[in-house]
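Participant: File name coords-v2.tsv; file contents TSV, C-alpha atoms; full text below.
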```
chain	number	residue	atom	x	y	z
A	1	MET	CA	9.73	11.59	13.12
A	2	SER	CA	9.92	10.24	16.67
A	3	ALA	CA	9.41	6.70	15.51
A	4	HIS	CA	11.42	3.66	16.35
A	5	PRO	CA	11.00	0.42	14.46
A	6	SER	CA	9.38	-2.47	16.23
A	7	ASP	CA	12.41	-4.71	15.94
A	8	SER	CA	14.57	-2.25	17.88
A	9	ARG	CA	12.58	-2.91	21.05
A	10	SER	CA	14.11	-4.90	23.84
A	11	PRO	CA	12.39	-8.20	24.69
A	12	PHE	CA	12.27	-6.80	28.25
A	13	THR	CA	10.14	-3.77	27.31
A	14	PRO	CA	7.55	-3.48	30.07
A	15	THR	CA	3.90	-3.99	29.11
A	16	ILE	CA	1.71	-0.91	28.96
A	17	TRP	CA	-0.04	-1.80	32.23
A	18	GLU	CA	3.26	-2.20	34.06
A	19	GLN	CA	4.20	1.29	32.92
A	20	VAL	CA	0.78	2.71	33.79
A	21	ARG	CA	0.93	1.23	37.30
A	22	SER	CA	4.41	2.69	37.84
A	23	ALA	CA	3.30	6.08	36.48
A	24	GLY	CA	0.20	5.98	38.70
A	25	ALA	CA	2.45	5.33	41.69
A	26	GLY	CA	4.44	8.46	40.82
A	27	SER	CA	7.45	7.09	38.95
A	28	GLY	CA	8.86	10.00	36.96
A	29	ASP	CA	10.61	7.57	34.66
A	30	ALA	CA	7.34	5.78	33.78
A	31	ILE	CA	5.49	9.08	33.31
A	32	GLY	CA	8.25	10.23	30.97
A	33	ARG	CA	8.01	7.04	28.94
A	34	LEU	CA	4.22	7.28	28.64
A	35	TYR	CA	4.60	10.92	27.62
A	36	ILE	CA	6.89	9.93	24.76
A	37	GLN	CA	4.64	7.02	23.71
A	38	TYR	CA	1.40	9.02	23.53
A	39	ARG	CA	2.54	12.50	22.51
A	40	CYS	CA	2.74	11.77	18.79
A	41	PRO	CA	-0.62	10.01	18.22
A	42	LEU	CA	-2.48	12.51	20.42
A	43	ARG	CA	-0.91	15.41	18.53
A	44	THR	CA	-2.04	13.86	15.25
A	45	TYR	CA	-5.54	13.53	16.68
A	46	LEU	CA	-5.72	17.27	17.41
A	47	LEU	CA	-4.15	18.21	14.09
A	48	TYR	CA	-6.50	16.22	11.90
A	49	LYS	CA	-9.64	15.83	13.99
A	50	PHE	CA	-9.88	19.46	15.04
A	51	ARG	CA	-7.66	20.90	12.33
A	52	LEU	CA	-5.72	22.92	14.86
A	53	PRO	CA	-2.51	24.66	13.84
A	54	GLU	CA	0.58	22.55	14.47
A	55	VAL	CA	1.96	24.77	17.23
A	56	THR	CA	-1.39	24.86	19.03
A	57	ALA	CA	-1.79	21.08	18.79
A	58	GLU	CA	1.75	20.58	20.09
A	59	GLU	CA	1.20	22.94	23.04
A	60	LEU	CA	-2.20	21.48	23.90
A	61	VAL	CA	-0.86	17.94	23.97
A	62	HIS	CA	2.14	19.00	26.03
A	63	ASP	CA	-0.08	20.83	28.55
A	64	PHE	CA	-2.53	17.95	28.68
A	65	LEU	CA	0.09	15.27	29.25
A	66	SER	CA	2.01	17.39	31.74
A	67	GLN	CA	-1.14	18.11	33.79
A	68	LYS	CA	-3.22	14.96	33.39
A	69	LEU	CA	-1.05	11.97	32.50
A	70	ALA	CA	-0.15	11.04	36.08
A	71	THR	CA	-3.78	11.46	37.22
A	72	CYS	CA	-5.04	9.28	34.35
A	73	ALA	CA	-2.46	6.63	35.19
A	74	ALA	CA	-3.51	6.65	38.85
A	75	ARG	CA	-7.19	6.29	37.90
A	76	ALA	CA	-6.62	3.63	35.25
A	77	ASP	CA	-7.96	0.13	35.89
A	78	ALA	CA	-7.17	-2.71	33.49
A	79	GLN	CA	-10.51	-4.35	34.35
A	80	LYS	CA	-12.48	-1.30	33.26
A	81	GLY	CA	-10.96	-0.65	29.86
A	82	LYS	CA	-7.95	0.36	27.85
A	83	PHE	CA	-5.60	3.04	29.10
A	84	ARG	CA	-5.45	4.65	25.68
A	85	ASN	CA	-9.23	5.13	25.68
A	86	LEU	CA	-9.12	6.73	29.11
A	87	LEU	CA	-6.37	9.06	27.89
A	88	LEU	CA	-8.24	10.01	24.70
A	89	THR	CA	-11.44	10.72	26.61
A	90	ALA	CA	-9.50	12.91	29.03
A	91	LEU	CA	-7.82	14.71	26.11
A	92	VAL	CA	-11.18	15.48	24.49
A	93	ASN	CA	-12.42	16.91	27.81
A	94	HIS	CA	-9.22	18.95	28.08
A	95	VAL	CA	-9.76	20.27	24.54
A	96	ARG	CA	-13.38	21.14	25.38
A	97	ASP	CA	-12.14	23.25	28.27
A	98	TRP	CA	-9.54	24.87	26.04
A	99	PHE	CA	-12.12	25.65	23.36
A	100	ARG	CA	-14.26	27.49	25.89
A	101	GLY	CA	-11.43	29.97	26.27
A	102	HIS	CA	-10.70	30.01	22.53
A	103	PRO	CA	-14.03	30.08	20.66
A	104	PRO	CA	-13.71	28.62	17.15
A	105	ALA	CA	-13.90	30.99	14.18
A	106	PRO	CA	-17.14	30.74	12.18
A	107	PRO	CA	-16.92	28.32	9.23
A	108	VAL	CA	-16.01	29.87	5.91
A	109	SER	CA	-17.76	27.17	3.84
A	110	LEU	CA	-20.04	24.17	4.24
A	111	ASP	CA	-17.00	21.93	3.87
A	112	ASP	CA	-15.47	23.62	6.88
A	113	SER	CA	-18.67	23.50	8.92
A	114	ASP	CA	-17.25	21.23	11.57
A	115	VAL	CA	-13.77	22.68	11.63
A	116	ALA	CA	-12.63	23.41	15.14
A	117	ALA	CA	-16.15	22.92	16.50
A	118	LEU	CA	-16.53	22.36	20.23
A	119	PRO	CA	-16.00	18.62	20.60
A	120	ALA	CA	-18.79	16.59	22.14
A	121	PRO	CA	-17.93	14.26	25.00
A	122	LEU	CA	-17.06	10.81	23.65
A	123	GLU	CA	-19.34	7.86	24.26
A	124	GLU	CA	-17.70	4.56	25.18
A	125	THR	CA	-17.98	3.00	21.70
A	126	GLU	CA	-16.92	6.21	19.97
A	127	VAL	CA	-13.63	6.25	21.84
A	128	GLU	CA	-12.53	2.98	20.28
A	129	LEU	CA	-13.45	4.20	16.79
A	130	GLU	CA	-11.69	7.51	17.38
A	131	TRP	CA	-8.55	5.72	18.53
A	132	THR	CA	-8.61	3.51	15.45
A	133	ARG	CA	-8.98	6.59	13.24
A	134	LEU	CA	-6.08	8.17	15.07
A	135	VAL	CA	-3.86	5.15	14.39
A	136	VAL	CA	-4.77	5.10	10.68
A	137	ALA	CA	-4.28	8.88	10.39
A	138	GLU	CA	-0.88	8.76	12.08
A	139	THR	CA	0.12	5.84	9.83
A	140	LEU	CA	-0.82	7.77	6.70
A	141	ARG	CA	0.93	10.90	8.00
A	142	ARG	CA	4.14	8.91	8.38
A	143	VAL	CA	3.89	7.38	4.91
A	144	LYS	CA	3.39	10.87	3.46
A	145	GLU	CA	6.19	12.33	5.54
A	146	PHE	CA	8.53	9.51	4.50
A	147	TYR	CA	8.03	10.19	0.80
A	148	GLU	CA	8.29	13.95	1.24
A	149	SER	CA	11.51	13.60	3.23
A	150	ARG	CA	12.95	11.40	0.46
A	151	ASN	CA	11.93	13.90	-2.19
A	152	LYS	CA	9.42	11.44	-3.65
A	153	PRO	CA	6.13	13.32	-3.31
A	154	ALA	CA	4.79	11.57	-6.42
A	155	PHE	CA	4.91	8.24	-4.55
A	156	TRP	CA	2.45	9.66	-2.01
A	157	VAL	CA	0.25	11.07	-4.80
A	158	ALA	CA	0.11	7.61	-6.42
A	159	PHE	CA	-0.52	5.70	-3.18
A	160	ASP	CA	-3.07	8.24	-1.96
A	161	GLY	CA	-4.84	8.63	-5.30
A	162	ARG	CA	-4.93	4.99	-6.35
A	163	ILE	CA	-5.30	3.16	-3.05
A	164	VAL	CA	-6.15	5.28	-0.02
A	165	GLN	CA	-8.81	7.60	-1.44
A	166	PRO	CA	-10.63	4.87	-3.39
A	167	LEU	CA	-10.77	2.74	-0.22
A	168	LEU	CA	-11.73	5.52	2.18
A	169	GLU	CA	-13.87	7.75	0.01
A	170	GLU	CA	-14.85	5.42	-2.84
A	171	THR	CA	-13.40	7.86	-5.37
A	172	LYS	CA	-12.25	6.78	-8.82
A	173	PRO	CA	-8.52	5.96	-8.74
A	174	ILE	CA	-6.28	8.68	-10.18
A	175	ALA	CA	-5.57	7.71	-13.80
A	176	LEU	CA	-2.33	6.00	-14.66
A	177	GLY	CA	-1.85	8.40	-17.57
A	178	GLU	CA	-2.17	11.39	-15.26
A	179	LEU	CA	0.45	9.99	-12.89
A	180	VAL	CA	2.84	9.46	-15.79
A	181	ALA	CA	2.13	12.78	-17.52
A	182	LYS	CA	1.90	15.10	-14.53
A	183	HIS	CA	3.78	13.54	-11.65
A	184	GLY	CA	7.04	12.52	-13.24
A	185	PHE	CA	6.71	8.75	-13.33
A	186	GLU	CA	8.78	7.38	-16.17
A	187	SER	CA	6.47	4.49	-17.02
A	188	PRO	CA	3.35	2.63	-15.90
A	189	GLN	CA	5.67	0.09	-14.23
A	190	ALA	CA	7.21	2.88	-12.18
A	191	VAL	CA	3.72	3.73	-10.91
A	192	SER	CA	3.16	0.07	-10.13
A	193	ASN	CA	6.44	0.00	-8.21
A	194	ALA	CA	5.38	3.04	-6.21
A	195	LEU	CA	2.10	1.34	-5.27
A	196	VAL	CA	3.87	-1.81	-4.11
A	197	ASP	CA	6.18	0.37	-2.03
A	198	GLY	CA	3.29	2.42	-0.62
A	199	LYS	CA	1.46	-0.68	0.58
A	200	ARG	CA	4.61	-1.97	2.26
A	201	LYS	CA	5.19	1.38	3.95
A	202	PHE	CA	1.60	1.49	5.18
A	203	VAL	CA	1.84	-1.96	6.76
A	204	LYS	CA	5.24	-1.11	8.29
A	205	TYR	CA	4.14	2.23	9.75
A	206	LEU	CA	0.86	0.83	11.05
A	207	GLU	CA	2.88	-1.62	13.11
A	208	GLU	CA	5.31	1.10	14.14
A	209	VAL	CA	2.55	3.43	15.37
A	210	VAL	CA	0.97	0.67	17.42
A	211	THR	CA	4.36	-0.45	18.75
A	212	GLU	CA	5.04	3.00	20.14
A	213	TYR	CA	2.10	2.95	22.51
A	214	ALA	CA	1.26	-0.73	22.95
A	215	GLY	CA	4.58	-1.89	24.40
A	216	ASP	CA	5.94	-5.40	23.88
A	217	SER	CA	5.67	-7.28	20.58
A	218	GLN	CA	2.95	-9.65	21.80
A	219	SER	CA	0.82	-6.68	22.85
A	220	VAL	CA	1.39	-5.08	19.45
A	221	GLU	CA	0.13	-8.15	17.64
A	222	THR	CA	-2.89	-8.33	19.92
A	223	GLU	CA	-3.60	-4.61	19.55
A	224	VAL	CA	-3.45	-4.70	15.73
A	225	ARG	CA	-5.73	-7.74	15.70
A	226	GLN	CA	-8.17	-6.05	18.09
A	227	LEU	CA	-8.26	-2.82	16.10
A	228	LYS	CA	-9.08	-4.76	12.92
A	229	ALA	CA	-11.64	-6.92	14.72
A	230	PHE	CA	-13.32	-3.83	16.16
A	231	LEU	CA	-13.63	-2.29	12.68
A	232	ALA	CA	-14.98	-5.55	11.23
A	233	ARG	CA	-17.55	-5.85	14.06
A	234	SER	CA	-18.77	-2.30	13.80
A	235	SER	CA	-18.87	-2.21	9.98
B	1	MET	CA	-9.70	18.42	2.74
B	2	SER	CA	-6.75	16.04	2.74
B	3	THR	CA	-7.10	12.29	2.90
B	4	ILE	CA	-5.70	12.27	6.43
B	5	HIS	CA	-8.42	14.68	7.56
B	6	HIS	CA	-10.94	12.45	5.82
B	7	VAL	CA	-9.94	9.54	8.07
B	8	PHE	CA	-11.85	11.26	10.89
B	9	LYS	CA	-15.00	11.34	8.78
B	10	SER	CA	-14.73	7.74	7.60
B	11	ASP	CA	-16.95	5.02	8.98
B	12	SER	CA	-15.81	1.63	10.25
B	13	SER	CA	-16.32	-0.24	7.00
B	14	HIS	CA	-14.15	2.15	4.97
B	15	LEU	CA	-11.49	2.26	7.68
B	16	SER	CA	-11.56	-1.52	7.84
B	17	ARG	CA	-10.74	-1.80	4.14
B	18	LEU	CA	-7.72	0.43	4.61
B	19	ALA	CA	-6.55	-1.11	7.89
B	20	ASN	CA	-6.65	-4.53	6.24
B	21	LEU	CA	-4.64	-3.35	3.26
B	22	ASP	CA	-2.67	-6.37	2.15
B	23	GLU	CA	0.82	-5.55	1.03
B	24	ASN	CA	0.66	-8.54	-1.29
B	25	ALA	CA	-2.66	-7.61	-2.90
B	26	GLN	CA	-2.57	-7.03	-6.63
B	27	ASP	CA	-3.53	-3.57	-7.81
B	28	ILE	CA	-6.73	-3.14	-9.70
B	29	TRP	CA	-6.07	-1.65	-13.11
B	30	GLN	CA	-8.63	-0.23	-15.49
B	31	PRO	CA	-8.77	-2.00	-18.89
B	32	GLU	CA	-7.38	1.03	-20.74
B	33	GLU	CA	-4.52	1.19	-18.23
B	34	LEU	CA	-3.67	-2.44	-18.83
B	35	GLY	CA	-3.56	-1.61	-22.54
B	36	ASP	CA	-1.09	1.20	-21.81
B	37	ILE	CA	1.04	-1.04	-19.62
B	38	LEU	CA	1.09	-3.82	-22.23
B	39	ARG	CA	2.07	-1.32	-24.94
B	40	HIS	CA	4.85	-0.01	-22.72
B	41	GLN	CA	6.07	-3.52	-21.91
B	42	LEU	CA	6.13	-4.57	-25.57
B	43	ASN	CA	8.37	-1.54	-26.19
B	44	ALA	CA	10.61	-2.31	-23.23
B	45	PRO	CA	14.23	-3.30	-24.00
B	46	LEU	CA	14.74	-7.04	-23.70
B	47	ALA	CA	18.32	-6.70	-22.51
B	48	PHE	CA	17.26	-4.68	-19.46
B	49	ASP	CA	14.32	-6.84	-18.37
B	50	LEU	CA	15.80	-10.24	-19.16
B	51	THR	CA	19.17	-9.75	-17.54
B	52	THR	CA	19.16	-11.40	-14.13
B	53	ARG	CA	21.82	-12.33	-11.60
B	54	GLU	CA	22.10	-15.68	-13.36
B	55	PRO	CA	25.10	-15.56	-15.72
B	56	ARG	CA	23.14	-17.76	-18.18
B	57	THR	CA	20.89	-14.85	-19.15
B	58	GLN	CA	23.80	-12.64	-20.16
B	59	THR	CA	25.36	-15.54	-22.09
B	60	VAL	CA	22.13	-16.03	-24.06
B	61	LEU	CA	21.81	-12.31	-24.81
B	62	ASP	CA	25.46	-12.10	-25.91
B	63	ALA	CA	25.09	-15.17	-28.14
B	64	VAL	CA	21.94	-13.77	-29.78
B	65	HIS	CA	23.62	-10.45	-30.51
B	66	ALA	CA	26.67	-12.25	-31.91
B	67	THR	CA	24.79	-14.64	-34.19
B	68	VAL	CA	21.56	-12.97	-35.30
B	69	ALA	CA	21.80	-10.33	-38.03
B	70	GLN	CA	18.99	-8.14	-36.72
B	71	PRO	CA	18.44	-9.28	-33.17
B	72	PRO	CA	15.14	-8.29	-31.55
B	73	ARG	CA	15.69	-5.56	-28.97
B	74	LYS	CA	12.19	-5.23	-27.54
B	75	PHE	CA	9.53	-7.69	-26.40
B	76	GLY	CA	7.32	-6.65	-29.31
B	77	ASP	CA	10.17	-7.21	-31.78
B	78	LEU	CA	10.80	-10.66	-30.34
B	79	PHE	CA	7.18	-11.81	-30.66
B	80	HIS	CA	6.86	-10.50	-34.22
B	81	HIS	CA	10.32	-11.50	-35.44
B	82	PRO	CA	10.27	-13.95	-38.41
B	83	HIS	CA	12.98	-16.05	-36.74
B	84	PRO	CA	12.86	-15.25	-33.04
B	85	PRO	CA	15.81	-16.83	-31.17
B	86	LEU	CA	14.40	-19.74	-29.19
B	87	ASP	CA	16.65	-19.12	-26.18
B	88	LEU	CA	15.39	-15.57	-26.01
B	89	LEU	CA	11.79	-16.80	-26.04
B	90	LYS	CA	12.65	-19.12	-23.16
B	91	LEU	CA	14.14	-16.21	-21.21
B	92	ALA	CA	11.06	-14.10	-21.93
B	93	LYS	CA	8.83	-16.94	-20.72
B	94	ASP	CA	10.89	-17.32	-17.51
B	95	PHE	CA	10.75	-13.56	-16.94
B	96	ALA	CA	6.96	-13.54	-17.35
B	97	LYS	CA	6.52	-16.62	-15.16
B	98	ALA	CA	8.58	-15.08	-12.35
B	99	HIS	CA	6.42	-11.94	-12.46
B	100	ARG	CA	3.18	-13.95	-12.60
B	101	ASN	CA	4.21	-15.83	-9.46
B	102	SER	CA	5.43	-12.82	-7.49
B	103	PRO	CA	2.75	-10.99	-5.51
B	104	ASN	CA	4.97	-7.91	-5.24
B	105	SER	CA	5.83	-7.67	-8.90
B	106	PRO	CA	5.45	-4.20	-10.42
B	107	LEU	CA	4.32	-5.93	-13.61
B	108	PRO	CA	0.57	-6.56	-13.32
B	109	HIS	CA	-0.35	-10.23	-13.29
B	110	GLU	CA	-2.46	-9.76	-16.43
B	111	ILE	CA	0.47	-8.37	-18.42
B	112	ALA	CA	2.83	-11.12	-17.23
B	113	THR	CA	0.21	-13.65	-18.36
B	114	VAL	CA	0.10	-12.19	-21.88
B	115	LEU	CA	3.92	-12.27	-22.13
B	116	TYR	CA	4.03	-15.80	-20.76
B	117	PHE	CA	1.62	-17.31	-23.26
B	118	ALA	CA	2.96	-15.17	-26.11
B	119	SER	CA	6.45	-16.63	-25.55
B	120	ILE	CA	5.07	-20.17	-25.54
B	121	LEU	CA	2.93	-19.66	-28.65
B	122	VAL	CA	5.62	-17.94	-30.69
B	123	ALA	CA	8.04	-20.80	-29.91
B	124	LEU	CA	5.35	-23.21	-31.00
B	125	SER	CA	4.34	-21.41	-34.20
B	126	ARG	CA	7.77	-20.31	-35.47
B	127	HIS	CA	9.95	-23.19	-34.19
B	128	ARG	CA	7.41	-25.97	-33.57
B	129	GLN	CA	9.04	-26.25	-30.16
B	130	ARG	CA	7.42	-26.55	-26.78
B	131	ILE	CA	9.11	-24.44	-24.13
B	132	THR	CA	6.59	-25.33	-21.46
B	133	THR	CA	5.41	-28.40	-19.62
B	134	LEU	CA	1.82	-27.14	-19.77
B	135	ASP	CA	-0.59	-29.46	-21.59
B	136	ASN	CA	-2.72	-28.30	-24.54
B	137	PRO	CA	-5.94	-27.68	-22.55
B	138	SER	CA	-4.01	-25.41	-20.16
B	139	ILE	CA	-2.43	-23.52	-23.06
B	140	ARG	CA	-5.82	-23.20	-24.78
B	141	GLN	CA	-7.28	-21.84	-21.55
B	142	GLY	CA	-4.51	-19.22	-21.46
B	143	ILE	CA	-5.10	-18.28	-25.11
B	144	GLU	CA	-8.84	-17.91	-24.56
B	145	TRP	CA	-8.26	-15.72	-21.54
B	146	VAL	CA	-5.94	-13.41	-23.51
B	147	LEU	CA	-8.30	-13.21	-26.49
B	148	ASN	CA	-11.13	-12.24	-24.13
B	149	GLN	CA	-9.24	-9.19	-22.85
B	150	THR	CA	-10.48	-6.07	-24.63
B	151	TRP	CA	-7.28	-4.17	-23.85
B	152	VAL	CA	-4.99	-6.54	-25.80
B	153	ASP	CA	-3.88	-4.88	-29.06
B	154	ASP	CA	-4.65	-6.30	-32.50
B	155	ALA	CA	-1.08	-7.34	-33.36
B	156	THR	CA	-0.80	-9.36	-30.14
B	157	ARG	CA	-4.24	-10.89	-30.75
B	158	ALA	CA	-3.07	-12.02	-34.20
B	159	LEU	CA	-0.16	-13.86	-32.54
B	160	PHE	CA	-2.57	-15.70	-30.30
B	161	ARG	CA	-4.90	-16.62	-33.17
B	162	GLU	CA	-1.90	-17.99	-35.04
B	163	GLY	CA	-1.02	-19.95	-31.91
B	164	VAL	CA	-4.51	-21.44	-31.70
B	165	LYS	CA	-4.13	-22.76	-35.24
B	166	GLN	CA	-0.71	-24.21	-34.48
B	167	LEU	CA	-2.02	-25.90	-31.37
B	168	GLY	CA	-4.86	-27.38	-33.43
B	169	ASP	CA	-2.45	-28.67	-36.12
B	170	ASP	CA	-0.17	-30.10	-33.49
B	171	GLY	CA	-2.46	-33.02	-32.66
B	172	GLY	CA	0.27	-35.46	-31.63
B	173	HIS	CA	1.29	-33.41	-28.63
B	174	PRO	CA	-0.51	-33.53	-25.28
```
Would it be possible to restate this file's structure as structure tokens?
Facilitator:
Amino acid sequence: MSAHPSDSRSPFTPTIWEQVRSAGAGSGDAIGRLYIQYRCPLRTYLLYKFRLPEVTAEELVHDFLSQKLATCAARADAQKGKFRNLLLTALVNHVRDWFRGHPPAPPVSLDDSDVAALPAPLEETEVELEWTRLVVAETLRRVKEFYESRNKPAFWVAFDGRIVQPLLEETKPIALGELVAKHGFESPQAVSNALVDGKRKFVKYLEEVVTEYAGDSQSVETEVRQLKAFLARSS
Amino acid sequence: MSTIHHVFKSDSSHLSRLANLDENAQDIWQPEELGDILRHQLNAPLAFDLTTREPRTQTVLDAVHATVAQPPRKFGDLFHHPHPPLDLLKLAKDFAKAHRNSPNSPLPHEIATVLYFASILVALSRHRQRITTLDNPSIRQGIEWVLNQTWVDDATRALFREGVKQLGDDGGHP
């Protein structure tokens, strides 16, 4: 995980626009910092949106950021919109070009019908929704990875099956009895503990993901508020 | 398709519910699950759950084990004991109260509520002692709530019915 907790940031961390301006003016240091900040969420976007293999997603993001990051930074204008949206739009265009040279395999089932399909260009409002999805997906990926790395896969099963899926997909929560009988929880209270922990991890990683690209702590707070407000408005 | 893939198919309203996930929100349990959790809690060892960092709790537990011939070892034993040690009932009530008031408690609020009122009612019916500052209408409200829960087992219900009678007989108290 390339994460760093929000509280480890210096109070003198430059805002995202200060970094973008420096990168646009050719500062290698600023370009390097933006590369680190955006690599992870953009990789997650390719992995889960287009279901690309991990190596391919990694290479595509590396190529994209190496070729286009400086140009995007030079073109960026704070008055015209968010830098992250400009970057995501450019990434989707980059992926479209890549797909032309790598035609997707035909779907094997209806469920896979949109797997690795040629992405359509993103409309203005779609970009914001896509970015929000990306943040939520990366947050969930980190929660899952945390539990797997701690040898607690059952914690993810409980959090996913009792909280995430019912909220996202309106599925029936996985039964308590099933979690106890099949996933090694010692008691119903142990399941309850896992759920409390899962919610805490989700909130923590959501902030961490945003912190990595949004810059200083005030910007993080604003960004989280804006993401939630956008979802509420467009619901 | 994994849940993380599903994020990219979710609309704003579903994403909004997840993004606004409150770490303090209580979990929503199905009635049959609450029944399972209550059963498990009634079988949970008192010594483990009631021991806190406060030395007083260990002192009470030690005294009970030293003075009572067949000391109750589980919550269920305590509530159905013919002579439940009053200090143990007070500890059980404090335990339940702490869990009722804690948003991050692994013990569901509903279960803590049953334990809380059970401790109060058993103290009242077996010792004629009040271990709470709650007035009678508040206790009655708690009893009614418990008796309205379909997942509460028959033996626990019987305790509450006994408590209702005791509260009715105990007219001099508030």
Participant: Could you state the separation of atom CA of A:Gly26 and atom CA of A:Trp131 in Å, given to one decimal place?
Facilitator: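 If I compute the distance from atom CA of A:Gly26 to atom CA of A:Trp131, I get 25.9 Å.
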Participant: Residues of chain B within 6 Å of chain A, using all atoms listed in the file, as a ChimeraX atom specification?
Facilitator: /B:4-5,8,12-14,16,23,37,106
Participant: Excluding stretch 144-158 of chain B and any residue of its chain fewer than 3 positions from it, enumerate the residues within 10 Å of it, using all atoms listed in the file, and give them as a list in words.
Facilitator: Gln30, Pro31, Glu32, Glu33, Leu34, Gly35, Asp36, Ile37, Leu38, Arg39, Leu42, Gly76, Phe79, His80, Glu110, Ile111, Thr113, Val114, Leu115, Phe117, Ala118, Ser138, Ile139, Arg140, Gln141, Arg161, Glu162, Gly163 and Val164 of chain B
Participant: How would the residues just picked look written out with C-alpha atoms as a CSV table (one decimal), in the frame of the given file?
Facilitator:
```
chain,number,residue,atom,x,y,z
B,30,GLN,CA,-8.6,-0.2,-15.5
B,31,PRO,CA,-8.8,-2.0,-18.9
B,32,GLU,CA,-7.4,1.0,-20.7
B,33,GLU,CA,-4.5,1.2,-18.2
B,34,LEU,CA,-3.7,-2.4,-18.8
B,35,GLY,CA,-3.6,-1.6,-22.5
B,36,ASP,CA,-1.1,1.2,-21.8
B,37,ILE,CA,1.0,-1.0,-19.6
B,38,LEU,CA,1.1,-3.8,-22.2
B,39,ARG,CA,2.1,-1.3,-24.9
B,42,LEU,CA,6.1,-4.6,-25.6
B,76,GLY,CA,7.3,-6.6,-29.3
B,79,PHE,CA,7.2,-11.8,-30.7
B,80,HIS,CA,6.9,-10.5,-34.2
B,110,GLU,CA,-2.5,-9.8,-16.4
B,111,ILE,CA,0.5,-8.4,-18.4
B,113,THR,CA,0.2,-13.6,-18.4
B,114,VAL,CA,0.1,-12.2,-21.9
B,115,LEU,CA,3.9,-12.3,-22.1
B,117,PHE,CA,1.6,-17.3,-23.3
B,118,ALA,CA,3.0,-15.2,-26.1
B,138,SER,CA,-4.0,-25.4,-20.2
B,139,ILE,CA,-2.4,-23.5,-23.1
B,140,ARG,CA,-5.8,-23.2,-24.8
B,141,GLN,CA,-7.3,-21.8,-21.6
B,161,ARG,CA,-4.9,-16.6,-33.2
B,162,GLU,CA,-1.9,-18.0,-35.0
B,163,GLY,CA,-1.0,-20.0,-31.9
B,164,VAL,CA,-4.5,-21.4,-31.7
```
Participant: So how far away is atom CA of A:Val20 from atom CA of A:Val55, in Å?
Facilitator: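 The value is 27.6 Å.
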Participant: Just give me the gap between atom CA of B:Arg128 and atom CA of B:Phe48 in Å, one decimal is fine.
Facilitator: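 Atom-to-atom, atom CA of B:Arg128 and atom CA of B:Phe48 are spaced 27.4 Å apart.
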